[in-house]
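File shown here: input.txt, holding compact mmCIF, C-alpha atoms.
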# COMPACT_ATOMS: atom_id res chain seq x y z
CA MET N 3 -166.85 105.26 24.19
CA LYS N 4 -170.04 103.51 25.15
CA GLU N 5 -172.87 105.25 26.93
CA MET N 6 -173.20 104.07 30.49
CA LYS N 7 -176.50 104.30 32.34
CA TYR N 8 -177.37 104.58 36.02
CA VAL N 9 -180.69 103.72 37.59
CA ALA N 10 -181.69 103.86 41.26
CA PRO N 11 -184.96 101.97 41.78
CA ARG N 12 -186.96 102.84 44.90
CA GLY N 13 -188.30 99.37 45.60
CA VAL N 14 -187.64 95.67 45.05
CA ASP N 15 -190.20 95.29 42.25
CA GLU N 16 -188.80 98.25 40.35
CA ALA N 17 -185.28 96.84 40.72
CA LEU N 18 -186.43 93.47 39.38
CA ASP N 19 -188.10 95.18 36.42
CA TYR N 20 -184.77 96.81 35.57
CA LEU N 21 -182.99 93.45 35.83
CA ALA N 22 -185.63 91.87 33.58
CA GLU N 23 -185.10 94.67 31.08
CA TYR N 24 -181.29 94.85 31.10
CA GLY N 25 -180.35 91.25 31.97
CA GLU N 26 -176.63 90.64 31.59
CA LYS N 27 -176.03 94.31 30.82
CA ALA N 28 -176.95 95.23 34.38
CA THR N 29 -174.35 95.55 37.11
CA VAL N 30 -176.03 95.44 40.49
CA LEU N 31 -174.45 97.92 42.89
CA ALA N 32 -175.06 97.77 46.63
CA GLY N 33 -172.31 98.92 49.02
CA GLY N 34 -169.75 99.06 46.23
CA THR N 35 -166.85 97.59 48.18
CA ASP N 36 -166.38 94.76 45.69
CA VAL N 37 -167.83 96.28 42.51
CA VAL N 38 -166.24 99.74 42.53
CA PRO N 39 -162.54 98.70 42.69
CA LYS N 40 -163.19 96.78 39.45
CA VAL N 41 -164.87 99.83 37.93
CA ASN N 42 -162.00 102.09 39.02
CA TYR N 43 -159.42 99.82 37.37
CA TYR N 44 -161.50 99.24 34.21
CA GLU N 45 -161.84 95.52 34.92
CA LEU N 46 -165.56 96.12 34.78
CA LEU N 47 -167.23 98.54 32.37
CA PRO N 48 -170.92 98.35 33.22
CA ASP N 49 -173.56 99.15 30.62
CA VAL N 50 -176.13 99.88 33.28
CA ILE N 51 -175.53 100.34 36.98
CA VAL N 52 -178.59 99.29 38.98
CA TYR N 53 -178.12 100.76 42.45
CA VAL N 54 -180.06 98.73 45.01
CA GLY N 55 -179.14 100.80 48.09
CA GLY N 56 -182.51 102.56 47.98
CA ILE N 57 -184.86 99.59 47.59
CA GLY N 58 -185.53 99.12 51.29
CA THR N 59 -183.78 95.81 51.96
CA ASP N 60 -181.66 97.00 54.87
CA TYR N 61 -183.95 95.49 57.52
CA ILE N 62 -183.18 92.94 60.22
CA THR N 63 -186.15 91.20 61.81
CA GLU N 64 -187.34 87.78 62.99
CA GLY N 65 -190.27 85.49 62.40
CA ASP N 66 -191.18 81.81 61.91
CA GLY N 67 -188.29 80.69 64.07
CA GLN N 68 -185.70 82.43 61.98
CA LEU N 69 -183.71 85.60 61.75
CA VAL N 70 -184.64 87.52 58.60
CA ILE N 71 -181.93 89.79 57.24
CA GLY N 72 -182.50 92.02 54.22
CA ALA N 73 -179.76 91.71 51.63
CA GLY N 74 -178.98 95.41 52.02
CA ALA N 75 -178.09 95.17 55.73
CA THR N 76 -174.54 96.43 56.21
CA TRP N 77 -171.73 94.74 58.11
CA SER N 78 -171.94 97.58 60.65
CA SER N 79 -175.62 96.91 61.30
CA LEU N 80 -174.97 93.15 61.64
CA MET N 81 -172.32 93.66 64.28
CA ARG N 82 -174.48 96.08 66.29
CA ASP N 83 -177.99 94.69 65.85
CA PRO N 84 -179.42 93.24 69.09
CA LEU N 85 -181.39 90.56 67.22
CA VAL N 86 -178.30 89.35 65.38
CA LYS N 87 -176.33 89.34 68.62
CA ALA N 88 -179.06 87.38 70.39
CA ARG N 89 -179.89 84.90 67.62
CA ALA N 90 -176.72 84.58 65.54
CA ARG N 91 -173.86 86.00 67.54
CA VAL N 92 -171.33 84.23 65.31
CA LEU N 93 -172.54 86.34 62.38
CA ALA N 94 -172.06 89.56 64.36
CA GLU N 95 -168.61 88.30 65.31
CA ALA N 96 -167.69 87.60 61.68
CA ALA N 97 -169.01 91.02 60.62
CA SER N 98 -166.92 92.79 63.26
CA GLN N 99 -163.72 91.19 61.96
CA GLY N 100 -164.18 92.20 58.32
CA GLY N 101 -162.55 95.23 56.70
CA CYS N 102 -162.67 98.43 58.72
CA VAL N 103 -165.31 100.87 59.96
CA ALA N 104 -165.67 102.64 56.60
CA THR N 105 -166.04 99.49 54.50
CA ARG N 106 -168.37 97.86 57.04
CA ASN N 107 -170.58 100.97 56.82
CA ALA N 108 -170.96 100.39 53.08
CA GLY N 109 -170.64 96.65 52.43
CA THR N 110 -173.77 94.50 52.66
CA ILE N 111 -174.57 90.91 53.55
CA GLY N 112 -176.16 90.37 50.11
CA GLY N 113 -173.05 91.74 48.44
CA ASN N 114 -170.75 89.48 50.43
CA ILE N 115 -172.80 86.45 49.35
CA VAL N 116 -173.25 87.40 45.69
CA ASN N 117 -169.61 88.43 45.25
CA ALA N 118 -168.89 84.76 46.03
CA SER N 119 -165.35 85.23 47.23
CA PRO N 120 -163.95 81.91 48.43
CA ALA N 121 -162.82 83.86 51.52
CA ALA N 122 -166.16 85.58 52.26
CA ASP N 123 -166.33 85.96 56.05
CA LEU N 124 -170.10 86.36 56.36
CA SER N 125 -170.81 83.43 54.05
CA VAL N 126 -168.65 81.12 56.15
CA ALA N 127 -170.50 82.13 59.32
CA LEU N 128 -173.85 81.73 57.53
CA LEU N 129 -172.91 78.23 56.33
CA ALA N 130 -172.47 77.14 59.96
CA LEU N 131 -175.96 78.51 60.67
CA ASP N 132 -177.73 76.61 57.83
CA ALA N 133 -178.72 79.92 56.22
CA GLY N 134 -180.95 80.14 53.18
CA VAL N 135 -180.94 82.82 50.50
CA ILE N 136 -184.17 84.28 49.09
CA VAL N 137 -183.72 84.95 45.39
CA ARG N 138 -186.30 86.73 43.27
CA ASN N 139 -186.86 87.80 39.68
CA SER N 140 -189.79 89.80 38.35
CA LYS N 141 -191.90 86.62 38.09
CA ALA N 142 -190.97 84.28 40.90
CA GLU N 143 -189.17 83.74 44.16
CA ARG N 144 -187.03 80.80 45.18
CA THR N 145 -185.07 79.78 48.24
CA VAL N 146 -181.54 78.43 47.84
CA ALA N 147 -179.62 76.86 50.71
CA LEU N 148 -176.40 78.85 51.02
CA LYS N 149 -174.34 75.65 50.73
CA ASP N 150 -175.79 75.19 47.23
CA PHE N 151 -175.47 78.84 46.21
CA PHE N 152 -171.80 79.03 45.21
CA THR N 153 -170.51 77.35 42.08
CA GLY N 154 -166.94 78.67 42.01
CA PRO N 155 -164.84 81.77 42.65
CA GLY N 156 -167.14 84.73 41.92
CA ALA N 157 -169.75 82.35 40.50
CA THR N 158 -173.19 81.52 41.88
CA VAL N 159 -176.52 80.02 40.82
CA LEU N 160 -177.93 83.54 40.50
CA GLN N 161 -179.37 84.34 37.05
CA PRO N 162 -178.83 87.78 35.46
CA ASP N 163 -182.45 88.79 36.10
CA GLU N 164 -182.38 87.67 39.74
CA LEU N 165 -181.64 89.57 42.91
CA VAL N 166 -180.79 88.26 46.36
CA ILE N 167 -183.49 89.83 48.52
CA GLU N 168 -183.04 88.29 51.91
CA VAL N 169 -181.02 85.92 54.03
CA ARG N 170 -182.85 83.66 56.47
CA VAL N 171 -181.04 82.20 59.43
CA PRO N 172 -182.92 79.54 61.39
CA PHE N 173 -182.64 79.61 65.17
CA VAL N 174 -180.22 76.72 65.39
CA LYS N 175 -178.99 74.98 68.50
CA GLY N 176 -175.51 74.92 69.88
CA ASN N 177 -172.47 77.02 70.31
CA ALA N 178 -170.92 78.68 67.27
CA VAL N 179 -167.47 80.20 66.83
CA PHE N 180 -165.97 82.20 63.95
CA LEU N 181 -162.20 82.50 63.61
CA LYS N 182 -160.24 84.28 60.92
CA LEU N 183 -156.57 84.31 60.06
CA GLY N 184 -155.40 87.25 57.97
CA ARG N 185 -152.08 88.83 57.10
CA ARG N 186 -152.90 91.50 59.67
CA LYS N 187 -155.82 92.36 61.93
CA ALA N 188 -157.64 95.18 60.13
CA MET N 189 -158.66 95.57 56.51
CA THR N 190 -157.54 92.15 55.45
CA LEU N 191 -158.95 89.27 53.47
CA SER N 192 -158.90 85.93 55.20
CA VAL N 193 -155.96 83.63 54.48
CA VAL N 194 -158.28 81.07 56.01
CA ASN N 195 -161.46 81.45 58.01
CA THR N 196 -163.75 79.02 59.72
CA ALA N 197 -167.10 78.92 61.46
CA VAL N 198 -167.93 75.94 63.61
CA ARG N 199 -171.12 75.08 65.44
CA ILE N 200 -171.44 72.29 67.98
CA TYR N 201 -174.58 71.22 69.76
CA SER N 202 -173.91 68.67 72.43
CA GLU N 203 -175.85 67.07 75.22
CA GLY N 204 -174.18 65.38 78.14
CA GLY N 205 -170.81 65.60 76.40
CA THR N 206 -172.07 63.89 73.24
CA CYS N 207 -172.16 65.87 70.01
CA GLU N 208 -175.70 65.91 68.61
CA GLU N 209 -175.14 68.29 65.70
CA ALA N 210 -172.05 69.78 64.09
CA ARG N 211 -171.33 72.27 61.33
CA ILE N 212 -167.83 72.96 60.10
CA ALA N 213 -167.48 75.65 57.42
CA VAL N 214 -164.22 76.97 55.98
CA GLY N 215 -163.32 79.72 53.56
CA ALA N 216 -160.32 80.50 51.35
CA MET N 217 -159.59 76.78 51.26
CA GLY N 218 -160.90 76.08 47.76
CA PRO N 219 -162.91 77.64 44.95
CA ARG N 220 -165.80 78.49 47.26
CA PRO N 221 -166.68 78.53 50.96
CA ILE N 222 -167.57 74.95 51.92
CA ARG N 223 -168.98 72.74 54.63
CA CYS N 224 -166.70 69.86 55.62
CA ALA N 225 -169.32 67.10 55.63
CA GLU N 226 -166.92 64.23 56.38
CA ALA N 227 -165.45 66.07 59.36
CA GLU N 228 -168.96 66.73 60.65
CA LYS N 229 -169.65 62.97 60.48
CA VAL N 230 -166.50 62.28 62.49
CA ILE N 231 -167.76 64.27 65.45
CA VAL N 232 -171.55 63.75 65.44
CA GLY N 233 -172.77 61.10 67.87
CA GLN N 234 -169.44 60.92 69.65
CA ALA N 235 -168.27 62.01 73.07
CA ILE N 236 -166.20 65.12 72.41
CA ASP N 237 -162.62 65.09 73.59
CA LEU N 238 -159.38 66.54 72.30
CA GLY N 239 -158.48 63.37 70.43
CA LEU N 240 -161.76 63.45 68.52
CA ILE N 241 -161.31 67.16 67.78
CA ASP N 242 -157.83 66.48 66.36
CA LYS N 243 -159.24 63.73 64.15
CA CYS N 244 -162.10 66.00 63.06
CA ALA N 245 -159.75 68.88 62.13
CA ASP N 246 -157.49 66.47 60.21
CA THR N 247 -160.49 65.15 58.29
CA ALA N 248 -161.74 68.66 57.52
CA ILE N 249 -158.45 69.52 55.83
CA THR N 250 -158.68 66.45 53.57
CA GLU N 251 -161.91 67.97 52.18
CA THR N 252 -160.25 71.25 51.18
CA SER N 253 -158.32 72.23 48.05
CA PRO N 254 -156.53 75.53 48.73
CA ILE N 255 -154.38 77.32 46.19
CA ASP N 256 -151.13 79.28 46.32
CA ASP N 257 -151.78 83.00 45.97
CA GLN N 258 -150.34 86.33 47.07
CA ARG N 259 -151.73 85.92 50.56
CA ALA N 260 -150.49 82.43 51.40
CA SER N 261 -149.36 79.12 49.95
CA ALA N 262 -151.65 76.10 49.80
CA TRP N 263 -149.22 74.31 52.17
CA TYR N 264 -149.52 77.09 54.73
CA ARG N 265 -153.30 77.23 54.39
CA LYS N 266 -153.57 73.52 55.18
CA LYS N 267 -151.29 73.77 58.22
CA ALA N 268 -152.85 76.97 59.56
CA GLY N 269 -156.38 75.98 58.55
CA ARG N 270 -156.16 72.72 60.44
CA ASN N 271 -155.14 74.52 63.62
CA LEU N 272 -157.75 77.24 63.15
CA ILE N 273 -160.52 74.62 62.78
CA ARG N 274 -159.16 72.76 65.80
CA ARG N 275 -159.16 75.94 67.88
CA ALA N 276 -162.73 76.76 66.78
CA LEU N 277 -163.91 73.25 67.66
CA VAL N 278 -162.30 73.45 71.10
CA GLN N 279 -163.98 76.80 71.76
CA ALA N 280 -167.37 75.71 70.41
CA ALA N 281 -167.27 72.50 72.45
CA GLY N 282 -166.36 74.51 75.52
CA ILE N 283 -163.51 72.22 76.59
CA ALA N 284 -160.00 73.13 77.67
CA GLY N 285 -157.68 72.90 74.72
CA MET D 6 -174.72 109.57 29.68
CA LYS D 7 -174.31 112.35 32.23
CA TYR D 8 -176.60 112.98 35.14
CA THR D 9 -177.12 115.93 37.44
CA LEU D 10 -176.20 114.92 40.96
CA SER D 11 -177.51 117.04 43.84
CA PHE D 12 -176.21 116.55 47.36
CA THR D 13 -175.16 118.51 50.42
CA LEU D 14 -171.43 119.05 50.69
CA ASN D 15 -170.18 120.57 53.94
CA GLY D 16 -173.54 122.24 54.48
CA CYS D 17 -173.91 123.63 50.95
CA GLU D 18 -176.27 122.31 48.30
CA VAL D 19 -174.30 121.39 45.18
CA ASP D 20 -175.35 120.30 41.69
CA VAL D 21 -172.76 118.65 39.50
CA LEU D 22 -172.77 116.74 36.22
CA VAL D 23 -171.42 113.20 36.69
CA LYS D 24 -170.97 109.96 34.79
CA PRO D 25 -172.39 106.70 36.19
CA ASN D 26 -168.90 105.35 36.93
CA ASP D 27 -167.59 108.52 38.60
CA THR D 28 -166.85 107.95 42.24
CA LEU D 29 -167.53 110.48 44.95
CA LEU D 30 -163.76 110.93 45.16
CA ASP D 31 -163.57 111.79 41.43
CA VAL D 32 -166.35 114.32 41.83
CA LEU D 33 -164.95 115.93 44.98
CA ARG D 34 -161.40 116.29 43.70
CA GLU D 35 -161.83 116.83 39.98
CA LYS D 36 -165.19 118.56 39.65
CA LEU D 37 -165.62 120.42 42.93
CA GLN D 38 -161.95 121.04 43.76
CA VAL D 39 -162.36 119.73 47.29
CA LEU D 40 -158.88 118.35 47.72
CA SER D 41 -158.73 117.03 51.28
CA PRO D 42 -159.85 113.49 50.36
CA LYS D 43 -156.77 111.88 48.83
CA ARG D 44 -156.56 109.26 46.11
CA GLY D 45 -154.30 106.60 47.55
CA CYS D 46 -155.28 103.21 46.18
CA ASP D 47 -158.73 103.52 44.53
CA THR D 48 -159.56 100.08 45.95
CA GLY D 49 -160.69 101.01 49.46
CA ASP D 50 -157.60 99.69 51.18
CA CYS D 51 -155.80 102.83 52.36
CA GLY D 52 -158.46 105.13 53.83
CA ALA D 53 -156.94 108.37 52.53
CA CYS D 54 -160.20 109.18 50.70
CA THR D 55 -162.42 108.76 53.79
CA VAL D 56 -165.37 111.18 53.99
CA LEU D 57 -168.43 111.29 56.23
CA LEU D 58 -171.67 110.23 54.54
CA GLU D 59 -174.68 110.99 56.75
CA GLY D 60 -172.20 111.19 59.63
CA GLU D 61 -170.59 107.80 59.02
CA PRO D 62 -167.10 107.32 57.58
CA VAL D 63 -167.06 105.72 54.13
CA ARG D 64 -164.51 105.36 51.33
CA SER D 65 -165.26 108.04 48.76
CA CYS D 66 -163.27 105.98 46.20
CA LEU D 67 -165.72 103.07 46.66
CA THR D 68 -168.81 105.28 46.58
CA ILE D 69 -170.36 105.72 43.16
CA ALA D 70 -171.12 109.45 43.11
CA MET D 71 -174.75 109.06 42.02
CA THR D 72 -175.52 107.04 45.16
CA VAL D 73 -175.09 110.11 47.40
CA ALA D 74 -177.97 111.95 45.70
CA GLY D 75 -179.89 113.91 48.34
CA LYS D 76 -177.45 112.91 51.09
CA LYS D 77 -175.06 114.84 53.32
CA VAL D 78 -171.33 114.54 52.72
CA ARG D 79 -168.70 116.13 54.92
CA THR D 80 -164.97 116.44 54.35
CA ILE D 81 -162.45 117.88 56.80
CA GLU D 82 -163.15 121.31 55.29
CA ALA D 83 -166.45 121.22 57.18
CA PHE D 84 -164.63 121.30 60.48
CA THR D 85 -162.34 124.30 60.01
CA SER D 86 -163.57 127.83 60.49
CA GLY D 87 -161.80 129.29 57.47
CA GLU D 88 -160.11 131.80 59.74
CA GLY D 89 -157.19 129.54 60.39
CA LYS D 90 -158.76 128.08 63.50
CA LEU D 91 -158.30 124.36 63.80
CA HIS D 92 -160.69 121.69 65.03
CA PRO D 93 -159.53 120.39 68.44
CA LEU D 94 -158.48 117.11 66.81
CA GLN D 95 -156.48 118.94 64.14
CA GLN D 96 -154.81 120.97 66.90
CA ALA D 97 -154.05 117.79 68.85
CA PHE D 98 -152.66 116.00 65.75
CA HIS D 99 -150.42 119.03 65.23
CA GLU D 100 -149.25 119.15 68.85
CA HIS D 101 -148.60 115.41 69.07
CA GLY D 102 -146.71 115.24 65.79
CA ALA D 103 -149.38 112.94 64.36
CA THR D 104 -148.97 114.51 60.95
CA GLN D 105 -145.79 113.95 58.99
CA CYS D 106 -146.36 113.96 55.23
CA GLY D 107 -150.05 114.66 55.86
CA PHE D 108 -151.46 112.42 53.15
CA CYS D 109 -153.45 110.21 55.52
CA THR D 110 -154.40 113.07 57.86
CA PRO D 111 -157.81 114.16 56.45
CA GLY D 112 -159.04 110.56 56.48
CA MET D 113 -157.51 109.84 59.87
CA LEU D 114 -159.17 112.99 61.28
CA LEU D 115 -162.60 112.15 59.87
CA SER D 116 -162.43 108.61 61.28
CA SER D 117 -161.55 110.03 64.69
CA ILE D 118 -164.10 112.88 64.54
CA SER D 119 -166.80 110.30 63.76
CA LEU D 120 -165.60 108.15 66.68
CA LEU D 121 -165.69 111.02 69.19
CA GLU D 122 -169.09 112.20 67.95
CA LYS D 123 -170.55 108.81 68.89
CA ASN D 124 -168.29 107.86 71.74
CA PRO D 125 -166.72 110.88 73.47
CA LYS D 126 -164.70 108.73 75.91
CA PRO D 127 -163.37 105.82 73.83
CA SER D 128 -160.94 103.27 75.18
CA ARG D 129 -157.53 102.95 73.56
CA GLU D 130 -158.76 99.77 71.82
CA GLU D 131 -161.78 101.61 70.43
CA ILE D 132 -159.51 104.38 69.11
CA VAL D 133 -157.21 101.86 67.43
CA GLU D 134 -160.25 100.11 65.93
CA ALA D 135 -161.70 103.40 64.64
CA ILE D 136 -158.54 104.34 62.73
CA SER D 137 -157.56 100.79 61.76
CA GLY D 138 -158.77 101.45 58.22
CA ASN D 139 -156.49 104.45 57.76
CA LEU D 140 -152.99 103.60 56.61
CA CYS D 141 -150.13 105.96 57.48
CA ARG D 142 -146.91 105.28 55.58
CA CYS D 143 -145.04 107.61 57.95
CA GLY D 144 -146.08 105.39 60.84
CA THR D 145 -147.62 108.03 63.06
CA TYR D 146 -150.18 105.65 64.52
CA LEU D 147 -148.98 106.02 68.10
CA GLU D 148 -149.03 109.82 67.87
CA ALA D 149 -152.50 109.75 66.29
CA VAL D 150 -153.85 107.53 69.07
CA GLU D 151 -152.32 109.82 71.68
CA ALA D 152 -153.76 112.91 69.98
CA ILE D 153 -157.25 111.38 69.95
CA GLU D 154 -156.87 110.31 73.59
CA ALA D 155 -155.82 113.85 74.51
CA VAL D 156 -158.95 115.34 72.94
CA ALA D 157 -161.16 112.69 74.56
CA ASN D 158 -159.61 113.58 77.91
CA GLY D 159 -160.50 117.23 77.43
CA GLU D 160 -157.08 118.51 76.49
CA GLY D 161 -156.93 120.88 73.56
CA LYS D 162 -160.50 121.99 74.15
CA GLU D 163 -161.25 125.59 75.00
Target encoding structure tokens, full file:
Amino acid sequence: MKEMKYVAPRGVDEALDYLAEYGEKATVLAGGTDVVPKVNYYELLPDVIVYVGGIGTDYITEGDGQLVIGAGATWSSLMRDPLVKARARVLAEAASQGGCVATRNAGTIGGNIVNASPAADLSVALLALDAGVIVRNSKAERTVALKDFFTGPGATVLQPDELVIEVRVPFVKGNAVFLKLGRRKAMTLSVVNTAVRIYSEGGTCEEARIAVGAMGPRPIRCAEAEKVIVGQAIDLGLIDKCADTAITETSPIDDQRASAWYRKKAGRNLIRRALVQAAGIAG
Amino acid sequence: MKYTLSFTLNGCEVDVLVKPNDTLLDVLREKLQVLSPKRGCDTGDCGACTVLLEGEPVRSCLTIAMTVAGKKVRTIEAFTSGEGKLHPLQQAFHEHGATQCGFCTPGMLLSSISLLEKNPKPSREEIVEAISGNLCRCGTYLEAVEAIEAVANGEGKE
């Protein structure tokens, strides 16, 4: 039986020192909603648990034309925070649809990103908002665009000595919508989810973001679908074409929640519905 | 390695020896013999292990015990007098038949107590949302919602 350790740093620098010291032996624990089930079922036997709930990253603020969200901010705080509601309502909307009260009180935005679930609700909303992730180790800090952060299911560009400190969400233009399809309403992982943002002027789409989750190994932006709609006058025909294109960019799998076939059918309609809502036209 | 964990449980200071991977649920049930939080799934899905941490409902099965150091934890035991007198919500659950096998009841009660503490007059939708993370295999959801509504409307209070 190996000896397991627990440390609870009181600040970011102290946490990074522990990560520098323990490297791959460290399991970073924040809200625990993703880590602890694995611990309970012995899928994960940590050598050292580094608890980051006490390092003071649960802030939400703004500056330099962007919303600044500490990695330790919980889903509950995201759905209630007036700044998030004013500047990134789609993120508050995504947060309010995840899990249930008790898991939203514990789970954090940093945890949702680092866990790198292909179905991560917050990550999908953040992709539509061009969010960036502030990553730090004991020596340096770097910024990674969220779209470049995920490398596969549960895999990211994060190194063992690095911690996600902050998420930055620029004040982007347009109307954003998050929609999620689950097996039921509460306490469910997304079968497919999407976040869409449309900025249009005089009926012409100036900027578009189409993000989907649970439709491949990681949450993605559908770049080809975005090209279909940008610069065009938005109507239902264009939206249909855009949703069809988005699905060609996805690669869903069959799993216990849904088949790949179903995900493509349902995903296409979910994206279409989100586009209609974001464009503010009658669908 | 074992650590001494100190926290406040139902108003009492407790010290207990725990392992880093012990959850709050492990510690409550197996070390402190507080048996109202139930072990249903150990993955956070069922809500039977719900406790209040600093007044907010959380899954005790997803809470590594060491993380509650210095914090206040309440279980349903905190809300009964010990003289057989029930909390108004317990009384209402009883009167509305919202308890059948009783396994989900402590968690269901804590979710609803937390709701009414913050929002004494919730809408039906807010009640449903508040207990949406508490599974009841007996299917007493309707009765639970009605019991919570009854308390919010002043019934069952003295």
Any idea what's packed within 7 Å of D:Leu94, counting only C-alpha atoms, ignoring anything in its chain fewer than 4 positions away? Could you give it as a PyMOL selection string?
-> chain D and resi 98+114+153+156
Could you list, as a PyMOL selection string, the residues of chain D having an atom within 10 Å of chain N when counting only C-alpha atoms?
-> chain D and resi 6-8+24-28+46-52+55-58+61-69+71-72+74+116+120+133-140
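Nearest residue to N:Met81 among N:Ala245, N:Ile111, N:Leu277, N:Ile136 is N:Ile111, counting all atoms listed in the file.
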Write out as a PDB file with C-alpha atoms, keeping the file's coordinate frame each polymer residue whose atoms come within 9 Å of N:Ala280, counting all atoms listed in the file; drop sequence neighbours fewer than 3 positions from it.
ATOM      1  CA  GLY N 176    -175.510  74.920  69.880  1.00  0.00           C
ATOM      2  CA  ASN N 177    -172.470  77.020  70.310  1.00  0.00           C
ATOM      3  CA  ALA N 178    -170.920  78.680  67.270  1.00  0.00           C
ATOM      4  CA  VAL N 179    -167.470  80.200  66.830  1.00  0.00           C
ATOM      5  CA  VAL N 198    -167.930  75.940  63.610  1.00  0.00           C
ATOM      6  CA  ARG N 199    -171.120  75.080  65.440  1.00  0.00           C
ATOM      7  CA  ILE N 200    -171.440  72.290  67.980  1.00  0.00           C
ATOM      8  CA  TYR N 201    -174.580  71.220  69.760  1.00  0.00           C
ATOM      9  CA  ARG N 275    -159.160  75.940  67.880  1.00  0.00           C
ATOM     10  CA  ALA N 276    -162.730  76.760  66.780  1.00  0.00           C
ATOM     11  CA  LEU N 277    -163.910  73.250  67.660  1.00  0.00           C
ATOM     12  CA  ILE N 283    -163.510  72.220  76.590  1.00  0.00           C
TER      13      ILE N 283
END
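Nearest residue to N:Gly282, choosing from N:Ile71, N:Leu181, N:Ala260, N:Ile241 and counting only C-alpha atoms: N:Ile241.
Within 8 Å of stretch 232-235 of chain N, once all atoms listed in the file are used and residues closer than 5 positions along the same chain are dropped, the contacting residues are Gly205, Thr206, Cys207, Glu208, Glu209 and Ala210 of chain N.
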Neighbours of D:Gly107 within 12 Å (all atoms listed in the file; same-chain residues fewer than 5 positions away dropped), as a list in words?
-> Ser41, Pro42, Lys43, Ala53, Gln95, Phe98, His99, Gly102, Gly112, Met113, Leu114, Leu140, Cys141, Arg142, Cys143, Gly144, Thr145 and Ala149 of chain D
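Shortest separation to N:Gly218 among N:Phe152, N:Phe173, N:Phe180, N:Tyr61 occurs at residue N:Phe152, atoms counted being all atoms listed in the file.
The shortest atom-to-atom distance to N:Val86, with all atoms listed in the file taken into account, belongs to N:Leu69 out of N:Leu129, N:Cys224, N:Ala268, N:Leu69.
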Could you give me, as a PyMOL selection string, the residues within 10 Å of N:Val169, counting only C-alpha atoms and dropping anything in the same chain fewer than 6 positions from it?
-> chain N and resi 62+68-75+111-112+115+128+133-137+145-148
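Straight-line separation from atom CA of N:Glu228 to atom CA of N:Thr196: 13.4 Å.
Here atom CA of N:Arg138 stands at a distance of 20.0 Å from atom CA of N:Thr76.
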